[in-house]
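This is work-v6.csv (CSV, C-alpha atoms).
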```csv
chain,number,residue,atom,x,y,z
A,1,MET,CA,-98.7,-113.0,144.0
A,2,GLN,CA,-101.4,-111.0,145.8
A,3,ALA,CA,-103.4,-113.3,148.1
A,4,LYS,CA,-106.7,-113.9,146.3
A,5,GLY,CA,-109.9,-115.8,147.0
A,6,HIS,CA,-110.7,-117.0,150.6
A,7,LEU,CA,-107.2,-116.3,151.8
A,8,GLY,CA,-107.3,-112.7,150.5
A,9,GLN,CA,-110.8,-112.2,152.0
A,10,LEU,CA,-109.6,-113.5,155.4
A,11,ILE,CA,-106.6,-111.2,155.4
A,12,HIS,CA,-108.9,-108.3,154.5
A,13,ALA,CA,-111.4,-109.2,157.2
A,14,LEU,CA,-108.7,-109.5,159.9
A,15,ARG,CA,-107.9,-105.8,159.3
A,16,CYS,CA,-111.2,-104.8,161.0
A,17,LEU,CA,-109.4,-105.6,164.3
A,18,PRO,CA,-107.8,-102.5,165.9
A,19,GLY,CA,-104.1,-102.2,165.4
A,20,VAL,CA,-103.9,-104.8,162.7
A,21,GLY,CA,-102.3,-103.7,159.4
A,22,PRO,CA,-101.7,-105.6,156.2
A,23,LYS,CA,-98.6,-107.4,157.4
A,24,SER,CA,-100.1,-108.5,160.7
A,25,ALA,CA,-103.3,-109.6,159.0
A,26,GLN,CA,-101.3,-111.8,156.6
A,27,ARG,CA,-99.3,-113.3,159.5
A,28,MET,CA,-102.5,-114.0,161.5
A,29,ALA,CA,-104.2,-115.6,158.5
A,30,PHE,CA,-101.2,-117.9,157.8
A,31,HIS,CA,-100.8,-118.7,161.4
A,32,LEU,CA,-104.5,-119.8,161.7
A,33,LEU,CA,-104.5,-121.8,158.5
A,34,LEU,CA,-101.2,-123.5,159.1
A,35,ARG,CA,-101.1,-124.0,162.8
A,36,ASN,CA,-104.5,-123.5,164.4
A,37,ARG,CA,-107.5,-124.3,162.3
A,38,GLU,CA,-109.5,-125.3,165.4
A,39,GLY,CA,-108.7,-122.0,167.0
A,40,ALA,CA,-109.9,-120.2,163.8
A,41,LYS,CA,-113.2,-122.1,163.9
A,42,ALA,CA,-113.6,-121.4,167.6
A,43,LEU,CA,-112.9,-117.7,167.0
A,44,ALA,CA,-115.5,-117.6,164.3
A,45,GLN,CA,-118.1,-119.2,166.6
A,46,SER,CA,-117.3,-116.8,169.4
A,47,LEU,CA,-117.6,-113.8,167.2
A,48,LEU,CA,-121.0,-114.8,165.9
A,49,ALA,CA,-122.2,-115.7,169.4
A,50,ALA,CA,-120.9,-112.4,170.9
A,51,VAL,CA,-122.5,-110.3,168.1
A,52,GLU,CA,-125.8,-112.2,168.5
A,53,HIS,CA,-126.1,-112.4,172.3
A,54,ILE,CA,-124.3,-109.3,173.6
A,55,GLY,CA,-126.5,-106.2,173.7
A,56,TYR,CA,-126.8,-103.2,176.0
A,57,CYS,CA,-128.0,-103.0,179.6
A,58,GLU,CA,-131.3,-101.2,179.8
A,59,GLN,CA,-130.2,-99.4,182.9
A,60,CYS,CA,-126.5,-98.5,182.5
A,61,ARG,CA,-126.1,-98.8,178.7
A,62,GLY,CA,-123.0,-101.0,179.2
A,63,LEU,CA,-122.5,-104.2,177.3
A,64,SER,CA,-124.7,-107.1,178.7
A,65,GLU,CA,-126.1,-110.4,177.6
A,66,GLU,CA,-129.2,-109.9,179.8
A,67,PRO,CA,-131.6,-106.9,179.8
A,68,LEU,CA,-130.0,-105.9,183.1
A,69,CYS,CA,-126.2,-106.3,183.4
A,70,SER,CA,-124.6,-108.1,186.4
A,71,LEU,CA,-123.5,-104.8,188.0
A,72,CYS,CA,-126.9,-103.2,187.8
A,73,ALA,CA,-128.6,-106.4,189.0
A,74,SER,CA,-126.3,-106.8,191.9
A,75,ALA,CA,-127.6,-106.2,195.4
A,76,ASN,CA,-124.0,-106.0,196.7
A,77,ARG,CA,-123.4,-102.7,194.9
A,78,ASP,CA,-124.2,-99.3,196.3
A,79,HIS,CA,-127.0,-98.1,194.0
A,80,GLY,CA,-126.8,-94.6,195.5
A,81,GLN,CA,-123.4,-94.0,193.9
A,82,LEU,CA,-123.5,-93.6,190.1
A,83,CYS,CA,-120.2,-93.4,188.2
A,84,VAL,CA,-120.6,-91.9,184.7
A,85,VAL,CA,-118.0,-93.1,182.1
A,86,GLU,CA,-117.6,-92.7,178.4
A,87,MET,CA,-117.0,-96.3,177.4
A,88,PRO,CA,-117.8,-99.9,178.6
A,89,THR,CA,-114.0,-100.5,178.8
A,90,ASP,CA,-113.9,-97.8,181.5
A,91,VAL,CA,-116.3,-99.8,183.6
A,92,TYR,CA,-114.0,-102.8,183.4
A,93,ALA,CA,-110.9,-100.7,184.2
A,94,ILE,CA,-112.5,-99.1,187.3
A,95,ASP,CA,-114.1,-102.4,188.5
A,96,GLN,CA,-110.8,-104.3,188.1
A,97,ALA,CA,-109.1,-101.6,190.3
A,98,GLY,CA,-111.7,-102.4,193.0
A,99,CYS,CA,-111.9,-98.8,194.2
A,100,PHE,CA,-115.6,-98.2,193.6
A,101,ARG,CA,-118.5,-100.2,194.9
A,102,GLY,CA,-121.4,-98.3,193.3
A,103,VAL,CA,-123.0,-98.7,189.9
A,104,PHE,CA,-122.2,-97.2,186.5
A,105,PHE,CA,-123.8,-95.3,183.7
A,106,VAL,CA,-122.1,-95.7,180.3
A,107,LEU,CA,-122.5,-92.8,177.8
A,108,ASN,CA,-120.9,-94.8,174.9
A,109,GLY,CA,-119.4,-91.6,173.7
A,110,ARG,CA,-118.9,-88.0,174.6
A,111,LEU,CA,-120.7,-84.7,173.7
A,112,SER,CA,-119.3,-83.7,170.3
A,113,PRO,CA,-121.7,-81.5,168.4
A,114,LEU,CA,-119.5,-81.3,165.3
A,115,ASP,CA,-119.7,-85.1,164.9
A,116,GLY,CA,-123.5,-85.0,165.5
A,117,ILE,CA,-123.2,-86.5,169.0
A,118,GLY,CA,-125.6,-84.7,171.3
A,119,PRO,CA,-127.3,-85.5,174.6
A,120,ALA,CA,-129.8,-87.9,172.9
A,121,GLU,CA,-127.1,-90.1,171.4
A,122,LEU,CA,-125.5,-90.5,174.9
A,123,GLY,CA,-128.7,-91.5,176.6
A,124,MET,CA,-128.9,-88.4,178.7
A,125,ASP,CA,-132.7,-88.8,179.0
A,126,LEU,CA,-132.1,-92.2,180.6
A,127,LEU,CA,-129.6,-90.6,183.0
A,128,GLU,CA,-132.0,-87.8,183.8
A,129,GLN,CA,-134.7,-90.4,184.7
A,130,ARG,CA,-132.3,-92.1,187.0
A,131,LEU,CA,-131.5,-88.8,188.8
A,132,ALA,CA,-135.2,-87.8,188.9
A,133,ALA,CA,-136.1,-91.2,190.5
A,134,GLY,CA,-134.1,-90.1,193.6
A,135,GLU,CA,-132.2,-93.3,194.4
A,136,VAL,CA,-128.9,-91.7,193.3
A,137,LYS,CA,-127.2,-89.8,196.1
A,138,GLU,CA,-123.8,-89.0,194.3
A,139,VAL,CA,-122.8,-88.8,190.7
A,140,VAL,CA,-119.1,-89.5,190.2
A,141,LEU,CA,-117.9,-88.0,186.9
A,142,ALA,CA,-115.2,-90.1,185.3
A,143,THR,CA,-115.2,-88.9,181.7
A,144,ASN,CA,-111.9,-88.3,180.1
A,145,THR,CA,-109.9,-85.1,180.4
A,146,THR,CA,-110.3,-84.2,176.8
A,147,VAL,CA,-112.2,-81.0,175.8
A,148,GLU,CA,-115.3,-83.2,174.9
A,149,GLY,CA,-115.0,-85.2,178.1
A,150,GLU,CA,-114.9,-82.0,180.2
A,151,ALA,CA,-117.9,-80.5,178.3
A,152,THR,CA,-119.8,-83.8,178.9
A,153,ALA,CA,-118.9,-83.7,182.6
A,154,HIS,CA,-120.2,-80.1,182.8
A,155,TYR,CA,-123.4,-81.0,181.1
A,156,ILE,CA,-124.1,-83.9,183.5
A,157,GLY,CA,-122.9,-81.8,186.5
A,158,GLU,CA,-125.6,-79.1,185.7
A,159,MET,CA,-128.2,-81.8,185.2
A,160,ALA,CA,-127.4,-83.3,188.6
A,161,GLN,CA,-127.5,-79.9,190.2
A,162,ARG,CA,-131.1,-79.5,189.0
A,163,TYR,CA,-132.0,-82.6,190.9
A,164,GLY,CA,-130.0,-81.6,193.9
A,165,VAL,CA,-127.7,-84.6,193.6
A,166,ARG,CA,-124.1,-84.3,194.9
A,167,THR,CA,-121.6,-84.4,192.0
A,168,THR,CA,-117.9,-85.3,192.2
A,169,ARG,CA,-115.2,-85.6,189.6
A,170,ILE,CA,-112.4,-88.1,190.0
A,171,ALA,CA,-109.0,-86.6,190.8
A,172,TYR,CA,-106.6,-85.9,188.0
A,173,GLY,CA,-102.9,-85.5,188.7
A,174,VAL,CA,-99.5,-87.2,188.7
A,175,PRO,CA,-100.0,-91.0,188.3
A,176,LEU,CA,-98.5,-93.5,190.8
A,177,GLY,CA,-94.8,-94.0,190.1
A,178,GLY,CA,-94.9,-91.0,187.7
A,179,GLU,CA,-91.7,-88.9,187.8
A,180,LEU,CA,-92.3,-85.2,187.7
A,181,GLU,CA,-89.6,-84.7,185.2
A,182,TYR,CA,-91.5,-86.7,182.6
A,183,ILE,CA,-95.1,-85.5,183.4
A,184,ASP,CA,-96.7,-83.1,180.8
A,185,GLY,CA,-97.4,-79.5,181.9
A,186,ALA,CA,-101.2,-79.9,181.6
A,187,THR,CA,-101.2,-82.8,184.1
A,188,LEU,CA,-98.9,-80.9,186.4
A,189,SER,CA,-101.3,-77.9,186.4
A,190,LEU,CA,-104.1,-80.3,187.3
A,191,ALA,CA,-102.0,-81.8,190.1
A,192,PHE,CA,-101.2,-78.3,191.5
A,193,ASN,CA,-104.8,-77.0,191.2
A,194,GLY,CA,-106.0,-80.2,192.9
A,195,ARG,CA,-103.5,-80.1,195.8
A,196,ARG,CA,-104.8,-81.0,199.3
A,197,ASP,CA,-103.7,-80.4,202.8
A,198,PHE,CA,-101.1,-82.9,204.0
B,1,MET,CA,-115.3,-107.8,187.1
B,2,GLN,CA,-113.8,-110.5,185.0
B,3,ALA,CA,-115.5,-110.6,181.6
B,4,LYS,CA,-117.7,-113.7,181.6
B,5,GLY,CA,-120.1,-115.4,179.2
B,6,HIS,CA,-119.9,-114.7,175.5
B,7,LEU,CA,-117.7,-111.6,176.0
B,8,GLY,CA,-115.2,-113.6,178.0
B,9,GLN,CA,-115.2,-116.4,175.4
B,10,LEU,CA,-114.6,-113.9,172.6
B,11,ILE,CA,-111.7,-112.4,174.5
B,12,HIS,CA,-110.3,-115.8,175.1
B,13,ALA,CA,-110.8,-116.9,171.4
B,14,LEU,CA,-109.1,-113.8,170.1
B,15,ARG,CA,-105.9,-114.9,171.9
B,16,CYS,CA,-105.4,-117.6,169.4
B,17,LEU,CA,-104.2,-114.9,167.0
B,18,PRO,CA,-100.4,-114.5,167.0
B,19,GLY,CA,-99.1,-111.6,169.1
B,20,VAL,CA,-102.4,-110.9,170.8
B,21,GLY,CA,-102.3,-110.9,174.6
B,22,PRO,CA,-105.1,-110.4,177.2
B,23,LYS,CA,-105.1,-106.6,176.9
B,24,SER,CA,-105.1,-106.6,173.1
B,25,ALA,CA,-107.8,-109.3,173.0
B,26,GLN,CA,-110.0,-107.2,175.3
B,27,ARG,CA,-109.5,-104.1,173.2
B,28,MET,CA,-110.3,-106.0,170.0
B,29,ALA,CA,-113.5,-107.5,171.6
B,30,PHE,CA,-114.8,-104.2,172.7
B,31,HIS,CA,-113.9,-102.5,169.5
B,32,LEU,CA,-115.8,-105.1,167.5
B,33,LEU,CA,-118.9,-105.1,169.8
B,34,LEU,CA,-119.1,-101.3,170.1
B,35,ARG,CA,-117.9,-100.1,166.7
B,36,ASN,CA,-117.9,-102.8,164.1
B,37,ARG,CA,-120.4,-105.6,164.5
B,38,GLU,CA,-120.7,-106.0,160.8
B,39,GLY,CA,-116.9,-106.4,160.6
B,40,ALA,CA,-117.1,-109.1,163.3
B,41,LYS,CA,-119.7,-111.0,161.4
B,42,ALA,CA,-117.7,-110.7,158.2
B,43,LEU,CA,-114.5,-111.9,159.9
B,44,ALA,CA,-116.4,-114.9,161.3
B,45,GLN,CA,-117.6,-115.8,157.9
B,46,SER,CA,-114.2,-115.4,156.3
B,47,LEU,CA,-112.6,-117.6,159.0
B,48,LEU,CA,-115.1,-120.4,158.4
B,49,ALA,CA,-114.8,-120.1,154.6
B,50,ALA,CA,-111.0,-120.1,154.7
B,51,VAL,CA,-110.8,-123.1,157.0
B,52,GLU,CA,-113.3,-124.9,154.9
B,53,HIS,CA,-112.0,-124.1,151.4
B,54,ILE,CA,-108.3,-123.6,151.8
B,55,GLY,CA,-106.2,-126.8,151.6
B,56,TYR,CA,-102.8,-127.7,150.3
B,57,CYS,CA,-101.6,-127.9,146.7
B,58,GLU,CA,-101.0,-131.5,145.6
B,59,GLN,CA,-97.8,-130.5,143.8
B,60,CYS,CA,-96.1,-127.9,146.0
B,61,ARG,CA,-97.8,-128.3,149.4
B,62,GLY,CA,-98.5,-124.6,149.6
B,63,LEU,CA,-101.9,-123.3,150.6
B,64,SER,CA,-104.4,-123.5,147.8
B,65,GLU,CA,-108.2,-123.6,147.2
B,66,GLU,CA,-107.8,-125.9,144.2
B,67,PRO,CA,-106.0,-129.2,144.0
B,68,LEU,CA,-103.3,-127.4,142.1
B,69,CYS,CA,-102.3,-123.9,143.2
B,70,SER,CA,-102.2,-120.9,140.8
B,71,LEU,CA,-98.4,-121.0,140.7
B,72,CYS,CA,-98.1,-124.7,139.9
B,73,ALA,CA,-100.9,-124.4,137.3
B,74,SER,CA,-99.4,-121.4,135.6
B,75,ALA,CA,-97.8,-121.8,132.2
B,76,ASN,CA,-96.0,-118.5,132.6
B,77,ARG,CA,-93.7,-119.9,135.3
B,78,ASP,CA,-90.4,-121.7,134.6
B,79,HIS,CA,-91.2,-125.2,135.9
B,80,GLY,CA,-87.5,-126.2,135.5
B,81,GLN,CA,-86.6,-124.0,138.5
B,82,LEU,CA,-87.8,-125.2,141.8
B,83,CYS,CA,-87.4,-123.1,144.9
B,84,VAL,CA,-87.7,-125.0,148.2
B,85,VAL,CA,-89.0,-123.0,151.2
B,86,GLU,CA,-90.0,-123.8,154.7
B,87,MET,CA,-93.4,-122.0,154.9
B,88,PRO,CA,-96.1,-120.8,152.5
B,89,THR,CA,-95.4,-117.3,153.8
B,90,ASP,CA,-91.9,-117.6,152.2
B,91,VAL,CA,-93.6,-118.2,148.9
B,92,TYR,CA,-95.5,-114.9,149.2
B,93,ALA,CA,-92.4,-113.0,150.3
B,94,ILE,CA,-90.3,-114.3,147.4
B,95,ASP,CA,-93.1,-113.9,144.8
B,96,GLN,CA,-93.9,-110.3,146.0
B,97,ALA,CA,-90.2,-109.5,145.5
B,98,GLY,CA,-90.6,-110.5,141.9
B,99,CYS,CA,-87.0,-112.0,141.7
B,100,PHE,CA,-87.9,-115.6,140.9
B,101,ARG,CA,-90.0,-116.8,138.0
B,102,GLY,CA,-89.9,-120.5,138.7
B,103,VAL,CA,-92.1,-122.7,140.9
B,104,PHE,CA,-92.0,-123.6,144.6
B,105,PHE,CA,-92.0,-126.5,146.9
B,106,VAL,CA,-93.2,-125.9,150.4
B,107,LEU,CA,-91.9,-128.1,153.2
B,108,ASN,CA,-94.3,-126.7,155.8
B,109,GLY,CA,-91.6,-127.1,158.4
B,110,ARG,CA,-87.9,-128.1,158.8
B,111,LEU,CA,-86.1,-131.2,159.7
B,112,SER,CA,-86.2,-131.4,163.5
B,113,PRO,CA,-85.8,-135.0,164.7
B,114,LEU,CA,-86.2,-134.0,168.4
B,115,ASP,CA,-89.7,-132.6,167.6
B,116,GLY,CA,-90.5,-135.8,165.6
B,117,ILE,CA,-90.3,-133.9,162.3
B,118,GLY,CA,-88.5,-136.2,159.8
B,119,PRO,CA,-88.4,-136.3,155.9
B,120,ALA,CA,-91.9,-137.9,155.8
B,121,GLU,CA,-93.6,-135.0,157.6
B,122,LEU,CA,-92.0,-132.5,155.1
B,123,GLY,CA,-93.2,-134.3,152.0
B,124,MET,CA,-89.7,-135.3,150.9
B,125,ASP,CA,-91.1,-138.3,149.0
B,126,LEU,CA,-93.2,-135.9,146.9
B,127,LEU,CA,-90.1,-133.7,146.3
B,128,GLU,CA,-88.1,-136.8,145.3
B,129,GLN,CA,-90.7,-137.8,142.8
B,130,ARG,CA,-90.5,-134.3,141.3
B,131,LEU,CA,-86.7,-134.6,141.0
B,132,ALA,CA,-87.0,-138.2,139.6
B,133,ALA,CA,-89.5,-137.0,136.9
B,134,GLY,CA,-86.7,-135.0,135.3
B,135,GLU,CA,-88.5,-131.7,134.6
B,136,VAL,CA,-86.6,-129.8,137.3
B,137,LYS,CA,-83.2,-128.5,136.2
B,138,GLU,CA,-82.3,-126.4,139.3
B,139,VAL,CA,-83.2,-126.6,142.9
B,140,VAL,CA,-82.9,-123.3,144.7
B,141,LEU,CA,-82.6,-123.8,148.4
B,142,ALA,CA,-84.3,-121.0,150.4
B,143,THR,CA,-84.6,-122.5,153.8
B,144,ASN,CA,-83.8,-120.4,156.8
B,145,THR,CA,-80.3,-120.0,158.2
B,146,THR,CA,-81.1,-121.8,161.4
B,147,VAL,CA,-79.4,-125.1,162.4
B,148,GLU,CA,-82.6,-127.0,161.3
B,149,GLY,CA,-82.9,-125.0,158.1
B,150,GLU,CA,-79.3,-125.7,157.2
B,151,ALA,CA,-79.7,-129.4,157.9
B,152,THR,CA,-82.8,-129.5,155.8
B,153,ALA,CA,-81.0,-127.8,152.9
B,154,HIS,CA,-78.2,-130.3,153.2
B,155,TYR,CA,-80.6,-133.2,153.1
B,156,ILE,CA,-82.3,-131.8,150.0
B,157,GLY,CA,-79.0,-131.0,148.4
B,158,GLU,CA,-77.8,-134.6,148.7
B,159,MET,CA,-81.1,-135.8,147.3
B,160,ALA,CA,-80.9,-133.5,144.3
B,161,GLN,CA,-77.3,-134.7,143.7
B,162,ARG,CA,-78.5,-138.3,143.4
B,163,TYR,CA,-80.7,-137.2,140.5
B,164,GLY,CA,-78.0,-135.0,139.0
B,165,VAL,CA,-80.0,-131.8,139.5
B,166,ARG,CA,-78.1,-128.6,139.9
B,167,THR,CA,-78.6,-127.2,143.4
B,168,THR,CA,-78.1,-123.6,144.5
B,169,ARG,CA,-78.6,-121.8,147.8
B,170,ILE,CA,-79.7,-118.2,148.0
B,171,ALA,CA,-77.0,-115.7,149.2
B,172,TYR,CA,-76.9,-114.8,152.8
B,173,GLY,CA,-75.1,-111.6,153.9
B,174,VAL,CA,-75.5,-107.9,154.7
B,175,PRO,CA,-79.1,-106.8,153.9
B,176,LEU,CA,-79.7,-103.7,151.7
B,177,GLY,CA,-79.3,-100.6,153.8
B,178,GLY,CA,-77.8,-102.6,156.6
B,179,GLU,CA,-75.0,-100.8,158.4
B,180,LEU,CA,-72.0,-103.0,159.2
B,181,GLU,CA,-71.8,-101.5,162.7
B,182,TYR,CA,-75.2,-103.0,163.6
B,183,ILE,CA,-74.9,-106.4,161.7
B,184,ASP,CA,-74.4,-109.4,163.9
B,185,GLY,CA,-71.2,-111.4,163.7
B,186,ALA,CA,-72.7,-114.6,162.2
B,187,THR,CA,-74.2,-112.6,159.3
B,188,LEU,CA,-70.9,-110.8,158.8
B,189,SER,CA,-69.1,-114.2,158.6
B,190,LEU,CA,-71.6,-115.3,156.0
B,191,ALA,CA,-71.1,-112.1,154.0
B,192,PHE,CA,-67.3,-112.5,154.1
B,193,ASN,CA,-67.4,-116.2,153.2
B,194,GLY,CA,-69.7,-115.5,150.4
B,195,ARG,CA,-67.7,-112.6,148.9
B,196,ARG,CA,-67.4,-112.3,145.1
B,197,ASP,CA,-65.1,-110.7,142.6
B,198,PHE,CA,-65.9,-107.0,142.1
```
Exercise: express the given structure as C-alpha cells:
Amino acid sequence: MQAKGHLGQLIHALRCLPGVGPKSAQRMAFHLLLRNREGAKALAQSLLAAVEHIGYCEQCRGLSEEPLCSLCASANRDHGQLCVVEMPTDVYAIDQAGCFRGVFFVLNGRLSPLDGIGPAELGMDLLEQRLAAGEVKEVVLATNTTVEGEATAHYIGEMAQRYGVRTTRIAYGVPLGGELEYIDGATLSLAFNGRRDF
Amino acid sequence: MQAKGHLGQLIHALRCLPGVGPKSAQRMAFHLLLRNREGAKALAQSLLAAVEHIGYCEQCRGLSEEPLCSLCASANRDHGQLCVVEMPTDVYAIDQAGCFRGVFFVLNGRLSPLDGIGPAELGMDLLEQRLAAGEVKEVVLATNTTVEGEATAHYIGEMAQRYGVRTTRIAYGVPLGGELEYIDGATLSLAFNGRRDF
C-alpha cells in the first residue's frame, strides 16, 4: 500500500528538507500524526511565518526580519571591519565563535559563470558602494577554499584594492585537534605555505 | 548570535521532527529560507491538511482519511485473516512486503501498565467485538518481540482462544542475509526454538 492522499502528500512534502529521504519522511509523517499533532501544527505556522516575515538585510544581504539586520544596526560592532562570506549560515558560525566584532556582507553564493552566477547575482554593486563610501577600513575574506570561493575572493580583493581598502583572508591550515596523519595534502600545503614565525 | 524571532521559532519547531537536533534544524531552516521557500509553504500546507483530515479507521484503528480505511473497505482482502500490529507503520511495512492479503488491527501501542496503557487504551474492546462477530478465522500476532509486545500478544491470544479463533504468531529468527556471527544471542535462541523439519 503506497501512502496516498494527505498522508502521501505530507511524506512527499517532507522530502524538501535537506537530508530527508523517503524512509525518513515516512517516519517523520507517522511520528507527527501519531504522537505530535500539536507540534505539526506549530511547525506549519512557523514555516508560514518565517517565509512571510524573513527577508534580506538591505545592507549585508543576510537573512533579516527588518530592513536592517541586528548586526548591521548594532552600534557595538566595528563597522570598519567587513567580513565577506558566502552564506548566511557562515555569519552564524563566525558570530557564534565570537572571534570577530565587525560586520558582515553575505554574497548568498559564489562566482560561478558556468551556473550563470556573476557579480550582479552576488550583490557586488552593493559591496562596491560600501567600499566607495569609505567607512570600511578592512575587508576580511572568508569565502570557502573551493575554486569558486577562491575566484570570488580574488574578485573582491581586486575591487577593494581599487578603493585602497586593506584586504585580508582568514587563515587556512590544520584545524584544532587535527592530527597530521589524517589531514589531506591540500590542507597541509596551505598550512605550510601559511607558516608563521614562532 | 543566537537565532531569534521567526527564524529561531522555525529552528525550534523543526526539532519536533524525529531525529532532528539543533544543528540539523538550523541547516533545514536555512535551506528552506534560502533555497526552497515554495517547498516550505507546501510543507506547511501539507502538515495542516494532514493534521486536519487524517484520523483513525473505525474498524482497524489505523490512520485513515475516511471513516473506513482503504484496506478495511477493500473487497479484495481476506477479511477472515486479521493481523494485529502495534503501529500503523507496521501495516505499511507488511503491506509493502506483499506477504499478507488479510486485514489489520492496529493497537497504536502495547500493553504497558507502568505507563498507564491497558487494554482500553489499545482498543481491545473493539478487537473483542471483531472476534465475537465470527468473521475472523485467524488472528496473526505481529507485535514486537519486546517484553511488552510479548505480553500484548499473550493477552490477545487468550482473548482469541475464548472465541475459538485460531491464533498464530509470525516467525522470529535469523533475517535474510543475516550472518550468524553477527546475530545477537536472543535472536539465535528464537531461531533454534523455532526450527522446522527440512
Counting only C-alpha atoms, the residue of B:Ala171, B:Asn108, B:Asp78, B:Val84 that sits nearest chain A: B:Asn108
Residues of chain B at most 7 Å from chain A: nearest atom pair and distance in Å, all atoms listed in the file, as a Markdown table:
```
| residue | atom | partner | partner_atom | distance |
| --- | --- | --- | --- | --- |
| B:Met1 | CA | A:Asp95 | CA | 5.7 |
| B:His6 | CA | A:Ala50 | CA | 5.2 |
| B:Leu7 | CA | A:Ala50 | CA | 6.1 |
| B:Gln9 | CA | A:Ser46 | CA | 6.4 |
| B:Leu10 | CA | A:Ser46 | CA | 5.1 |
| B:Ala13 | CA | A:Leu43 | CA | 4.9 |
| B:Leu14 | CA | A:Leu43 | CA | 6.3 |
| B:Cys16 | CA | A:Gly39 | CA | 6.0 |
| B:Leu17 | CA | A:Met28 | CA | 5.8 |
| B:Pro18 | CA | A:Met28 | CA | 5.9 |
| B:Met28 | CA | A:Leu17 | CA | 5.8 |
| B:Leu33 | CA | A:Val51 | CA | 6.5 |
| B:Arg37 | CA | A:Val51 | CA | 6.3 |
| B:Gly39 | CA | A:Cys16 | CA | 5.9 |
| B:Ala40 | CA | A:Leu47 | CA | 6.1 |
| B:Lys41 | CA | A:Leu48 | CA | 6.0 |
| B:Ala42 | CA | A:Ala13 | CA | 6.6 |
| B:Leu43 | CA | A:Ala13 | CA | 4.9 |
| B:Ala44 | CA | A:Ala44 | CA | 4.1 |
| B:Gln45 | CA | A:Ala44 | CA | 7.0 |
| B:Ser46 | CA | A:Leu10 | CA | 5.1 |
| B:Leu47 | CA | A:Ala44 | CA | 6.0 |
| B:Leu48 | CA | A:Lys41 | CA | 6.1 |
| B:Ala49 | CA | A:His6 | CA | 6.5 |
| B:Ala50 | CA | A:His6 | CA | 5.1 |
| B:Val51 | CA | A:Arg37 | CA | 6.4 |
| B:Tyr92 | CA | A:Met1 | CA | 6.4 |
| B:Asp95 | CA | A:Met1 | CA | 5.7 |
| B:Gln96 | CA | A:Met1 | CA | 5.9 |
```
Distance of atom CA of Lys23 of chain B from atom CA of Asn76 of chain A, expressed in Å to one decimal place: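 Pair atom CA of Asn76 of chain A / atom CA of Lys23 of chain B returns 27.4 Å.
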Distance of atom CA of Leu82 of chain B from atom CA of Arg130 of chain B, expressed in Å to one decimal place: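 Separation of atom CA of Arg130 of chain B and atom CA of Leu82 of chain B: 9.5 Å.
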Two-atom distance - atom CA of Arg195 of chain B, atom CA of Thr143 of chain B (Å):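 Computed distance, atom CA of Arg195 of chain B to atom CA of Thr143 of chain B, equals 20.2 Å.
When all atoms listed in the file are used to compute distances to Gly134 of chain A, the closest of the residues A:Leu68, A:Ala191, A:Val103, A:Val165 turns out to be A:Val165.
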Show me that you can extract segment 73-83 of chain A, keeping N, CA, C and O atoms, and write it as an mmCIF file, in the first residue's frame.
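So the final result, stored in result.cif, reads:
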```
data_model
loop_
_atom_site.group_PDB
_atom_site.id
_atom_site.type_symbol
_atom_site.label_atom_id
_atom_site.label_comp_id
_atom_site.auth_asym_id
_atom_site.auth_seq_id
_atom_site.Cartn_x
_atom_site.Cartn_y
_atom_site.Cartn_z
ATOM 1 N N ALA A 73 22.634 46.902 12.300
ATOM 2 C CA ALA A 73 22.044 48.002 13.055
ATOM 3 C C ALA A 73 22.757 48.244 14.376
ATOM 4 O O ALA A 73 22.533 49.269 15.017
ATOM 5 N N SER A 74 23.638 47.298 14.767
ATOM 6 C CA SER A 74 24.248 47.388 16.095
ATOM 7 C C SER A 74 25.351 48.446 16.162
ATOM 8 O O SER A 74 26.215 48.521 15.280
ATOM 9 N N ALA A 75 25.308 49.232 17.225
ATOM 10 C CA ALA A 75 26.355 50.240 17.430
ATOM 11 C C ALA A 75 27.573 49.622 18.119
ATOM 12 O O ALA A 75 28.623 50.243 18.199
ATOM 13 N N ASN A 76 27.408 48.389 18.621
ATOM 14 C CA ASN A 76 28.503 47.722 19.329
ATOM 15 C C ASN A 76 29.481 47.022 18.393
ATOM 16 O O ASN A 76 30.499 46.516 18.836
ATOM 17 N N ARG A 77 29.136 46.941 17.120
ATOM 18 C CA ARG A 77 30.028 46.260 16.185
ATOM 19 C C ARG A 77 30.941 47.282 15.526
ATOM 20 O O ARG A 77 30.579 48.452 15.350
ATOM 21 N N ASP A 78 32.102 46.811 15.116
ATOM 22 C CA ASP A 78 33.060 47.662 14.425
ATOM 23 C C ASP A 78 32.693 47.700 12.939
ATOM 24 O O ASP A 78 32.986 46.756 12.204
ATOM 25 N N HIS A 79 32.079 48.808 12.513
ATOM 26 C CA HIS A 79 31.630 48.891 11.122
ATOM 27 C C HIS A 79 32.773 49.179 10.154
ATOM 28 O O HIS A 79 32.553 49.284 8.951
ATOM 29 N N GLY A 80 33.984 49.284 10.686
ATOM 30 C CA GLY A 80 35.142 49.463 9.823
ATOM 31 C C GLY A 80 35.716 48.140 9.346
ATOM 32 O O GLY A 80 36.519 48.093 8.413
ATOM 33 N N GLN A 81 35.288 47.041 9.988
ATOM 34 C CA GLN A 81 35.744 45.707 9.576
ATOM 35 C C GLN A 81 34.592 44.972 8.910
ATOM 36 O O GLN A 81 33.539 44.767 9.527
ATOM 37 N N LEU A 82 34.796 44.578 7.662
ATOM 38 C CA LEU A 82 33.718 43.935 6.913
ATOM 39 C C LEU A 82 34.154 42.534 6.492
ATOM 40 O O LEU A 82 35.113 42.369 5.733
ATOM 41 N N CYS A 83 33.461 41.526 7.005
ATOM 42 C CA CYS A 83 33.786 40.142 6.667
ATOM 43 C C CYS A 83 32.856 39.670 5.566
ATOM 44 O O CYS A 83 31.631 39.728 5.713
#
```
